[in-house]
Amino acid sequence: MTDTTLTLRVNGAERTVTCDPETALLYVLRNDLDLKGARYGCGQGQCGACTVLVDGKPVQSCNVPTSELAGRDIVTIEGLGTPEAPHPLQQAFIDEQAAQCGYCITGIVMSAKALLDANPRPTRAEIGAALRDHLCRCGTHARIVRAVERAAAALSAAR
């Protein structure tokens, strides 16, 4: 297929890329826009390591063609906070030491962000349901849930 020029809205900024329209968003983010937070895991949309938000909803970027995202709002982990001023969700993950190897955490944080945006006071069952499509082999599941609960409390207190 012939390369096409597309304009994407990523982390609040308009970005123009030239790629095959069927190229998975993950590759455009990592290779063309130098946003390395979304990670390649399985390449089949089954592990969640590549999760980003599209119009506020979690999307596994490894299996969505970039051409389907023109004009939509894409947010990656880089769009949440900075090392100097992390988003409350990122700070909660740090405080709970919820990441061990860290490979899957960016995708988990993005799904947790979508959950908290839609439901600021989720139950443990709702947190589990929101994160069920993420694979983490480090065994930090309890800390991940506590981090989401901590972030929900921090965000509620800030409102």
# chains A, B, ... in the order shown; residues from 1 in each chain; ligands from 1
call {"tool": "residues_around", "arguments": {"residues": "A:Thr5", "least_positions_apart": "6", "cutoff": "8 Å", "atoms": "only C-alpha atoms", "output": "compact mmCIF listing (two decimals) with C-alpha atoms, in the first residue's frame"}}
result
# COMPACT_ATOMS: atom_id res chain seq x y z
CA THR A 16 1.84 14.70 11.15
CA VAL A 17 3.20 11.32 10.08
CA THR A 18 3.71 9.60 6.76
CA CYS A 19 3.12 5.87 6.89
call {"tool": "residues_around", "arguments": {"residues": "stretch 131-135 of chain A", "least_positions_apart": "2", "cutoff": "6 Å", "atoms": "only C-alpha atoms", "output": "compact mmCIF listing (two decimals) with C-alpha atoms, in the first residue's frame"}}
result
# COMPACT_ATOMS: atom_id res chain seq x y z
CA CYS A 47 -1.28 -8.55 26.95
CA GLY A 48 -2.06 -4.84 27.34
CA GLY A 128 -10.02 -5.89 38.68
CA ALA A 129 -12.45 -5.86 35.77
call {"tool": "closest_residue", "arguments": {"among": "A:Lys57, A:Leu25, A:Leu116, A:Ala147", "to": "A:Ile94", "atoms": "only C-alpha atoms"}}
result
A:Ala147
call {"tool": "closest_residue", "arguments": {"among": "A:Val64, A:Met110, A:Leu26, A:Asn119", "to": "A:Ala153", "atoms": "only C-alpha atoms"}}
result
A:Asn119
call {"tool": "closest_residue", "arguments": {"among": "A:Val75, A:Leu33, A:Cys138, A:Val148", "to": "A:Ala92", "atoms": "only C-alpha atoms"}}
result
A:Val148
call {"tool": "closest_residue", "arguments": {"among": "A:Gln44, A:Thr76, A:Thr82, A:Thr23", "to": "A:Arg9", "atoms": "only C-alpha atoms"}}
result
A:Thr76
call {"tool": "closest_residue", "arguments": {"among": "A:Glu126, A:Asp20, A:Glu14, A:Asp95", "to": "A:Arg72", "atoms": "only C-alpha atoms"}}
result
A:Glu14
call {"tool": "residues_around", "arguments": {"residues": "stretch 37-43 of chain A", "least_positions_apart": "3", "cutoff": "9 Å", "atoms": "only C-alpha atoms", "output": "VMD selection string"}}
result
chain A and resid 26 to 27 29 to 30 46 to 52 61 to 63 76 to 78 103 to 104 106 to 107
